Structure formats: structure tokens, C-alpha cells
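Engineer: Please see the structure below; I have some questions.
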Amino acid sequence: MSTKVTFWPSGVSVEVKPGTSILSAARKAGILIQTRCGGNAACFMCKVQIRPGSDLLPMADEERRKLAGLEQQGFRLACQAKARGDVQVDVPLDPLRAAVQKLLAKQAEENDDLW
Ligand code: FES
């Protein structure tokens, strides 16, 4: 038996065994999720947003403490959240990539003004 984890915005899916962490599923799918603590729920860098209707195992107290209410908006730590059934995951943009995209968009906007 396996579950399907789909990562957005890429739409890449991967089949994993139930109980697999979202971080492990991402690595299997070739999706980059930033980490600094090696999956120990300490760095908070692996925060992802889980889409409604996804089927995850119940959250442990330690993860709930770390999220401090963000879980109510669908956020989970990818290193701690484990798939039970199918899961849809929104992966935030890498902060550096997001900054570059913002600059390029601004530059394109300025270039449009010149014409
Ligand atoms: S990898 Fe550090 S909190 Fe998840």
C-alpha cells in the first residue's frame, strides 16, 4: 500500500509508504525543501502548507509547540508531518529565489514604462 504526495507549484507527485515524512517524500521527488537542523524540528526552515483534504498522521506535541498556531492556517513542518493517505503540499519559494523574481518583475515593469 502506498500514498501519493504531490508538491505544488511544480505538480510533481511521488508514491511513498504511509508514515513517510513530507521531507523524505520531497527528497524522493527531487523537490528542494530548505533545512538546517537535519529534520529535528529545530530550525523551522522546512515549513510547508498542506492543502485541505490531505491525509496526515496526527501532529505530535513538539511540532504543535513549534508552529504556535500556524497549523490552523495549514502550515506543518515537513520533517515532522507524515503522510497517512494522499497529501497535497504547497512548497514556499526559496527566499533568495523569491527576492530575485521580485527584482526581475520590478525591472520588467520599469522597462515597460520606457516604451
Ligand atoms: S528540518 Fe528543521 S525544523 Fe524541519
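Ordering of the C-alpha cells sets the chain letters (A, B, ...); residue numbers start at 1 within each chain; ligands are numbered from 1 in the order shown.
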Step one, run DSSP on the backbone; step two, keep only residues of segment 30-83 of chain A assigned to alpha helix (DSSP H); then write them as a PDB file with N, CA, C and O atoms, in the first residue's frame.
Structural biologist:
```pdb
ATOM      1  N   ASP A  61       3.036  16.721  19.832  1.00  0.00           N
ATOM      2  CA  ASP A  61       3.020  17.933  20.666  1.00  0.00           C
ATOM      3  C   ASP A  61       4.187  18.871  20.354  1.00  0.00           C
ATOM      4  O   ASP A  61       4.022  20.083  20.356  1.00  0.00           O
ATOM      5  N   GLU A  62       5.372  18.299  20.104  1.00  0.00           N
ATOM      6  CA  GLU A  62       6.546  19.132  19.839  1.00  0.00           C
ATOM      7  C   GLU A  62       6.341  19.989  18.590  1.00  0.00           C
ATOM      8  O   GLU A  62       6.641  21.187  18.587  1.00  0.00           O
ATOM      9  N   GLU A  63       5.802  19.400  17.530  1.00  0.00           N
ATOM     10  CA  GLU A  63       5.557  20.168  16.308  1.00  0.00           C
ATOM     11  C   GLU A  63       4.499  21.245  16.571  1.00  0.00           C
ATOM     12  O   GLU A  63       4.642  22.368  16.135  1.00  0.00           O
ATOM     13  N   ARG A  64       3.465  20.883  17.320  1.00  0.00           N
ATOM     14  CA  ARG A  64       2.404  21.852  17.623  1.00  0.00           C
ATOM     15  C   ARG A  64       2.973  23.055  18.387  1.00  0.00           C
ATOM     16  O   ARG A  64       2.628  24.200  18.115  1.00  0.00           O
ATOM     17  N   ARG A  65       3.866  22.777  19.315  1.00  0.00           N
ATOM     18  CA  ARG A  65       4.503  23.870  20.072  1.00  0.00           C
ATOM     19  C   ARG A  65       5.313  24.764  19.142  1.00  0.00           C
ATOM     20  O   ARG A  65       5.257  25.988  19.225  1.00  0.00           O
ATOM     21  N   LYS A  66       6.061  24.162  18.237  1.00  0.00           N
ATOM     22  CA  LYS A  66       6.900  24.936  17.303  1.00  0.00           C
ATOM     23  C   LYS A  66       6.048  25.815  16.390  1.00  0.00           C
ATOM     24  O   LYS A  66       6.393  26.947  16.103  1.00  0.00           O
ATOM     25  N   LEU A  67       4.947  25.274  15.922  1.00  0.00           N
ATOM     26  CA  LEU A  67       4.120  26.021  14.970  1.00  0.00           C
ATOM     27  C   LEU A  67       3.342  27.141  15.649  1.00  0.00           C
ATOM     28  O   LEU A  67       2.979  28.124  14.996  1.00  0.00           O
TER      29      LEU A  67
END
```
Engineer: Do you know which residues are at most 12 Å from segment 94-111 of chain A counting only C-alpha atoms, after dropping those on the same chain fewer than 4 positions away, and could you put them as a list in words?
Structural biologist: Ile31, Leu32, Ile33, Gln34, Thr35, Met45, Cys46, Lys47, Val48 and Trp115 of chain A
Engineer: Which one is closest to ligand 1: A:Asn40, A:Gln72, A:Ser54, A:Gln88? Count only C-alpha atoms and all ligand atoms.
Structural biologist: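 Looking only at the distances to ligand 1, the closest residue turns out to be A:Asn40.
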Engineer: With the cut-off set at 6 Å and counting only C-alpha atoms and all ligand atoms, tabulate each residue of chain A with an atom at most that distance from an atom of ligand 1, showing the nearest atom pair and its distance in Å to one decimal, ordered by chain and increasing number, as a Markdown table.
Structural biologist:
```
| residue | atom | partner | partner_atom_place_in_ligand_line | distance |
| --- | --- | --- | --- | --- |
| A:Thr35 | CA | ligand 1 | 1 (S) | 4.3 |
| A:Arg36 | CA | ligand 1 | 2 (Fe) | 5.4 |
| A:Cys37 | CA | ligand 1 | 2 (Fe) | 4.3 |
| A:Gly38 | CA | ligand 1 | 1 (S) | 5.2 |
| A:Gly39 | CA | ligand 1 | 1 (S) | 3.7 |
| A:Asn40 | CA | ligand 1 | 2 (Fe) | 5.5 |
| A:Ala41 | CA | ligand 1 | 3 (S) | 3.5 |
| A:Ala42 | CA | ligand 1 | 3 (S) | 4.5 |
| A:Cys43 | CA | ligand 1 | 2 (Fe) | 3.9 |
| A:Phe44 | CA | ligand 1 | 3 (S) | 3.9 |
| A:Met45 | CA | ligand 1 | 2 (Fe) | 5.5 |
| A:Cys46 | CA | ligand 1 | 4 (Fe) | 4.6 |
| A:Leu77 | CA | ligand 1 | 4 (Fe) | 5.3 |
| A:Ala78 | CA | ligand 1 | 4 (Fe) | 5.8 |
| A:Cys79 | CA | ligand 1 | 4 (Fe) | 4.3 |
```
Engineer: Pull the closest atom pair for each residue of segment 58-95 of chain A that gets at most 12 Å from segment 4-10 of chain A, along with the distance in Å to one decimal, counting only C-alpha atoms, ordering rows by chain and then ascending residue number, as CSV.
Structural biologist:
```
residue,atom,partner,partner_atom,distance
A:Ala78,CA,A:Phe7,CA,11.5
A:Ala81,CA,A:Val5,CA,11.8
A:Lys82,CA,A:Val5,CA,10.3
A:Ala83,CA,A:Val5,CA,7.7
A:Arg84,CA,A:Lys4,CA,9.5
A:Gly85,CA,A:Lys4,CA,7.1
A:Asp86,CA,A:Lys4,CA,4.8
A:Val87,CA,A:Val5,CA,4.7
A:Gln88,CA,A:Thr6,CA,4.9
A:Val89,CA,A:Phe7,CA,4.8
A:Asp90,CA,A:Trp8,CA,4.7
A:Val91,CA,A:Trp8,CA,6.0
A:Pro92,CA,A:Pro9,CA,8.7
A:Leu93,CA,A:Pro9,CA,9.3
```
Engineer: Write to file, as a PDB file, in the first residue's frame, the residues of the selection just made, with N, CA, C and O atoms.
Structural biologist:
```pdb
ATOM      1  N   ALA A  78       7.743  20.021   7.445  1.00  0.00           N
ATOM      2  CA  ALA A  78       7.866  18.887   6.519  1.00  0.00           C
ATOM      3  C   ALA A  78       8.630  17.722   7.141  1.00  0.00           C
ATOM      4  O   ALA A  78       8.389  16.571   6.806  1.00  0.00           O
ATOM      5  N   ALA A  81       5.724  16.192   9.705  1.00  0.00           N
ATOM      6  CA  ALA A  81       4.425  15.773   9.171  1.00  0.00           C
ATOM      7  C   ALA A  81       4.586  14.487   8.373  1.00  0.00           C
ATOM      8  O   ALA A  81       5.468  14.381   7.519  1.00  0.00           O
ATOM      9  N   LYS A  82       3.740  13.517   8.664  1.00  0.00           N
ATOM     10  CA  LYS A  82       3.842  12.209   7.993  1.00  0.00           C
ATOM     11  C   LYS A  82       2.541  11.869   7.273  1.00  0.00           C
ATOM     12  O   LYS A  82       1.449  12.020   7.827  1.00  0.00           O
ATOM     13  N   ALA A  83       2.708  11.393   6.055  1.00  0.00           N
ATOM     14  CA  ALA A  83       1.552  11.054   5.232  1.00  0.00           C
ATOM     15  C   ALA A  83       0.850   9.804   5.773  1.00  0.00           C
ATOM     16  O   ALA A  83       1.493   8.843   6.180  1.00  0.00           O
ATOM     17  N   ARG A  84      -0.476   9.852   5.799  1.00  0.00           N
ATOM     18  CA  ARG A  84      -1.271   8.653   6.104  1.00  0.00           C
ATOM     19  C   ARG A  84      -1.969   8.200   4.828  1.00  0.00           C
ATOM     20  O   ARG A  84      -2.071   7.027   4.539  1.00  0.00           O
ATOM     21  N   GLY A  85      -2.457   9.204   4.077  1.00  0.00           N
ATOM     22  CA  GLY A  85      -3.074   8.955   2.778  1.00  0.00           C
ATOM     23  C   GLY A  85      -2.494   9.964   1.795  1.00  0.00           C
ATOM     24  O   GLY A  85      -1.370  10.431   1.958  1.00  0.00           O
ATOM     25  N   ASP A  86      -3.273  10.338   0.801  1.00  0.00           N
ATOM     26  CA  ASP A  86      -2.780  11.287  -0.194  1.00  0.00           C
ATOM     27  C   ASP A  86      -2.643  12.686   0.414  1.00  0.00           C
ATOM     28  O   ASP A  86      -3.466  13.098   1.239  1.00  0.00           O
ATOM     29  N   VAL A  87      -1.602  13.373  -0.011  1.00  0.00           N
ATOM     30  CA  VAL A  87      -1.287  14.693   0.555  1.00  0.00           C
ATOM     31  C   VAL A  87      -0.923  15.657  -0.571  1.00  0.00           C
ATOM     32  O   VAL A  87      -0.225  15.277  -1.511  1.00  0.00           O
ATOM     33  N   GLN A  88      -1.397  16.890  -0.453  1.00  0.00           N
ATOM     34  CA  GLN A  88      -1.043  17.958  -1.399  1.00  0.00           C
ATOM     35  C   GLN A  88      -0.285  19.019  -0.603  1.00  0.00           C
ATOM     36  O   GLN A  88      -0.789  19.511   0.412  1.00  0.00           O
ATOM     37  N   VAL A  89       0.907  19.359  -1.076  1.00  0.00           N
ATOM     38  CA  VAL A  89       1.807  20.229  -0.322  1.00  0.00           C
ATOM     39  C   VAL A  89       2.173  21.467  -1.143  1.00  0.00           C
ATOM     40  O   VAL A  89       2.638  21.333  -2.279  1.00  0.00           O
ATOM     41  N   ASP A  90       1.979  22.643  -0.579  1.00  0.00           N
ATOM     42  CA  ASP A  90       2.482  23.869  -1.204  1.00  0.00           C
ATOM     43  C   ASP A  90       3.842  24.181  -0.602  1.00  0.00           C
ATOM     44  O   ASP A  90       3.955  24.385   0.616  1.00  0.00           O
ATOM     45  N   VAL A  91       4.864  24.197  -1.458  1.00  0.00           N
ATOM     46  CA  VAL A  91       6.226  24.465  -1.003  1.00  0.00           C
ATOM     47  C   VAL A  91       6.523  25.942  -1.241  1.00  0.00           C
ATOM     48  O   VAL A  91       6.449  26.406  -2.383  1.00  0.00           O
ATOM     49  N   PRO A  92       6.863  26.695  -0.189  1.00  0.00           N
ATOM     50  CA  PRO A  92       7.166  28.110  -0.387  1.00  0.00           C
ATOM     51  C   PRO A  92       8.426  28.285  -1.222  1.00  0.00           C
ATOM     52  O   PRO A  92       9.311  27.431  -1.216  1.00  0.00           O
ATOM     53  N   LEU A  93       8.486  29.397  -1.924  1.00  0.00           N
ATOM     54  CA  LEU A  93       9.669  29.703  -2.717  1.00  0.00           C
ATOM     55  C   LEU A  93      10.870  29.890  -1.797  1.00  0.00           C
ATOM     56  O   LEU A  93      10.743  30.451  -0.718  1.00  0.00           O
TER      57      LEU A  93
END
```
Engineer: According to DSSP computed on the backbone, where in chain A is there strand (DSSP E or B)? Give the residues as a PyMOL selection string.
Structural biologist: chain A and resi 3-8+12-16+21+47-50+56+75-77+82-83+87-90
Engineer: Could you save those same residues with N, CA, C and O atoms as a JSON list (two decimals), in the first residue's frame?
Structural biologist:
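Listing of part_38.json after writing:
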```json
[["chain", "number", "residue", "atom", "x", "y", "z"],
["A", 3, "THR", "N", 0.91, 5.82, -0.58],
["A", 3, "THR", "CA", 0.15, 7.06, -0.65],
["A", 3, "THR", "C", 0.83, 7.96, -1.67],
["A", 3, "THR", "O", 2.00, 7.77, -2.00],
["A", 4, "LYS", "N", 0.09, 8.92, -2.16],
["A", 4, "LYS", "CA", 0.64, 9.83, -3.16],
["A", 4, "LYS", "C", 0.80, 11.22, -2.53],
["A", 4, "LYS", "O", -0.16, 11.76, -1.97],
["A", 5, "VAL", "N", 2.01, 11.74, -2.63],
["A", 5, "VAL", "CA", 2.27, 13.10, -2.14],
["A", 5, "VAL", "C", 2.58, 13.96, -3.35],
["A", 5, "VAL", "O", 3.46, 13.62, -4.16],
["A", 6, "THR", "N", 1.84, 15.05, -3.49],
["A", 6, "THR", "CA", 2.01, 15.96, -4.63],
["A", 6, "THR", "C", 2.50, 17.31, -4.13],
["A", 6, "THR", "O", 1.96, 17.84, -3.15],
["A", 7, "PHE", "N", 3.51, 17.83, -4.80],
["A", 7, "PHE", "CA", 4.12, 19.09, -4.40],
["A", 7, "PHE", "C", 3.75, 20.19, -5.40],
["A", 7, "PHE", "O", 3.85, 19.99, -6.61],
["A", 8, "TRP", "N", 3.35, 21.33, -4.87],
["A", 8, "TRP", "CA", 2.99, 22.49, -5.69],
["A", 8, "TRP", "C", 3.93, 23.63, -5.38],
["A", 8, "TRP", "O", 4.41, 23.72, -4.27],
["A", 12, "VAL", "N", 4.69, 17.96, -9.12],
["A", 12, "VAL", "CA", 5.39, 16.67, -9.09],
["A", 12, "VAL", "C", 4.80, 15.79, -7.98],
["A", 12, "VAL", "O", 4.60, 16.26, -6.86],
["A", 13, "SER", "N", 4.53, 14.53, -8.31],
["A", 13, "SER", "CA", 3.97, 13.58, -7.34],
["A", 13, "SER", "C", 4.94, 12.44, -7.12],
["A", 13, "SER", "O", 5.74, 12.10, -7.99],
["A", 14, "VAL", "N", 4.83, 11.84, -5.94],
["A", 14, "VAL", "CA", 5.66, 10.68, -5.62],
["A", 14, "VAL", "C", 4.83, 9.72, -4.77],
["A", 14, "VAL", "O", 3.98, 10.14, -3.99],
["A", 15, "GLU", "N", 5.06, 8.42, -4.97],
["A", 15, "GLU", "CA", 4.39, 7.39, -4.17],
["A", 15, "GLU", "C", 5.32, 7.02, -3.01],
["A", 15, "GLU", "O", 6.51, 6.76, -3.24],
["A", 16, "VAL", "N", 4.78, 7.02, -1.79],
["A", 16, "VAL", "CA", 5.58, 6.66, -0.61],
["A", 16, "VAL", "C", 4.75, 5.75, 0.29],
["A", 16, "VAL", "O", 3.53, 5.64, 0.14],
["A", 21, "SER", "N", 7.71, 10.87, 6.08],
["A", 21, "SER", "CA", 7.63, 12.32, 6.30],
["A", 21, "SER", "C", 7.52, 13.05, 4.96],
["A", 21, "SER", "O", 7.98, 12.55, 3.92],
["A", 47, "LYS", "N", 9.11, 24.60, 6.86],
["A", 47, "LYS", "CA", 7.68, 24.88, 6.96],
["A", 47, "LYS", "C", 7.03, 24.84, 5.57],
["A", 47, "LYS", "O", 7.50, 25.48, 4.64],
["A", 48, "VAL", "N", 5.96, 24.07, 5.44],
["A", 48, "VAL", "CA", 5.19, 23.98, 4.19],
["A", 48, "VAL", "C", 3.72, 24.14, 4.52],
["A", 48, "VAL", "O", 3.32, 24.06, 5.69],
["A", 49, "GLN", "N", 2.92, 24.37, 3.51],
["A", 49, "GLN", "CA", 1.48, 24.50, 3.73],
["A", 49, "GLN", "C", 0.77, 23.30, 3.11],
["A", 49, "GLN", "O", 1.00, 22.97, 1.94],
["A", 50, "ILE", "N", -0.05, 22.64, 3.90],
["A", 50, "ILE", "CA", -0.76, 21.45, 3.46],
["A", 50, "ILE", "C", -2.15, 21.85, 2.98],
["A", 50, "ILE", "O", -2.87, 22.57, 3.68],
["A", 56, "LEU", "N", -2.90, 13.34, 6.77],
["A", 56, "LEU", "CA", -1.65, 13.21, 7.51],
["A", 56, "LEU", "C", -1.90, 12.51, 8.83],
["A", 56, "LEU", "O", -3.01, 12.56, 9.38],
["A", 75, "PHE", "N", -0.16, 25.17, 7.99],
["A", 75, "PHE", "CA", 1.29, 25.00, 7.98],
["A", 75, "PHE", "C", 1.69, 23.78, 8.81],
["A", 75, "PHE", "O", 1.09, 23.50, 9.84],
["A", 76, "ARG", "N", 2.71, 23.09, 8.31],
["A", 76, "ARG", "CA", 3.31, 21.96, 9.03],
["A", 76, "ARG", "C", 4.81, 21.98, 8.78],
["A", 76, "ARG", "O", 5.29, 22.57, 7.82],
["A", 77, "LEU", "N", 5.53, 21.32, 9.68],
["A", 77, "LEU", "CA", 6.96, 21.13, 9.46],
["A", 77, "LEU", "C", 7.12, 19.88, 8.60],
["A", 77, "LEU", "O", 6.67, 18.79, 9.00],
["A", 82, "LYS", "N", 3.74, 13.52, 8.66],
["A", 82, "LYS", "CA", 3.84, 12.21, 7.99],
["A", 82, "LYS", "C", 2.54, 11.87, 7.27],
["A", 82, "LYS", "O", 1.45, 12.02, 7.83],
["A", 83, "ALA", "N", 2.71, 11.39, 6.06],
["A", 83, "ALA", "CA", 1.55, 11.05, 5.23],
["A", 83, "ALA", "C", 0.85, 9.80, 5.77],
["A", 83, "ALA", "O", 1.49, 8.84, 6.18],
["A", 87, "VAL", "N", -1.60, 13.37, -0.01],
["A", 87, "VAL", "CA", -1.29, 14.69, 0.55],
["A", 87, "VAL", "C", -0.92, 15.66, -0.57],
["A", 87, "VAL", "O", -0.23, 15.28, -1.51],
["A", 88, "GLN", "N", -1.40, 16.89, -0.45],
["A", 88, "GLN", "CA", -1.04, 17.96, -1.40],
["A", 88, "GLN", "C", -0.28, 19.02, -0.60],
["A", 88, "GLN", "O", -0.79, 19.51, 0.41],
["A", 89, "VAL", "N", 0.91, 19.36, -1.08],
["A", 89, "VAL", "CA", 1.81, 20.23, -0.32],
["A", 89, "VAL", "C", 2.17, 21.47, -1.14],
["A", 89, "VAL", "O", 2.64, 21.33, -2.28],
["A", 90, "ASP", "N", 1.98, 22.64, -0.58],
["A", 90, "ASP", "CA", 2.48, 23.87, -1.20],
["A", 90, "ASP", "C", 3.84, 24.18, -0.60],
["A", 90, "ASP", "O", 3.96, 24.39, 0.62]]
```
Engineer: When you draw a straight line from atom CA of Gly19 of chain A to atom CA of Gln80 of chain A, how long is it in Å?
Structural biologist: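 Interatomic distance, atom CA of Gly19 of chain A to atom CA of Gln80 of chain A: 10.2 Å.
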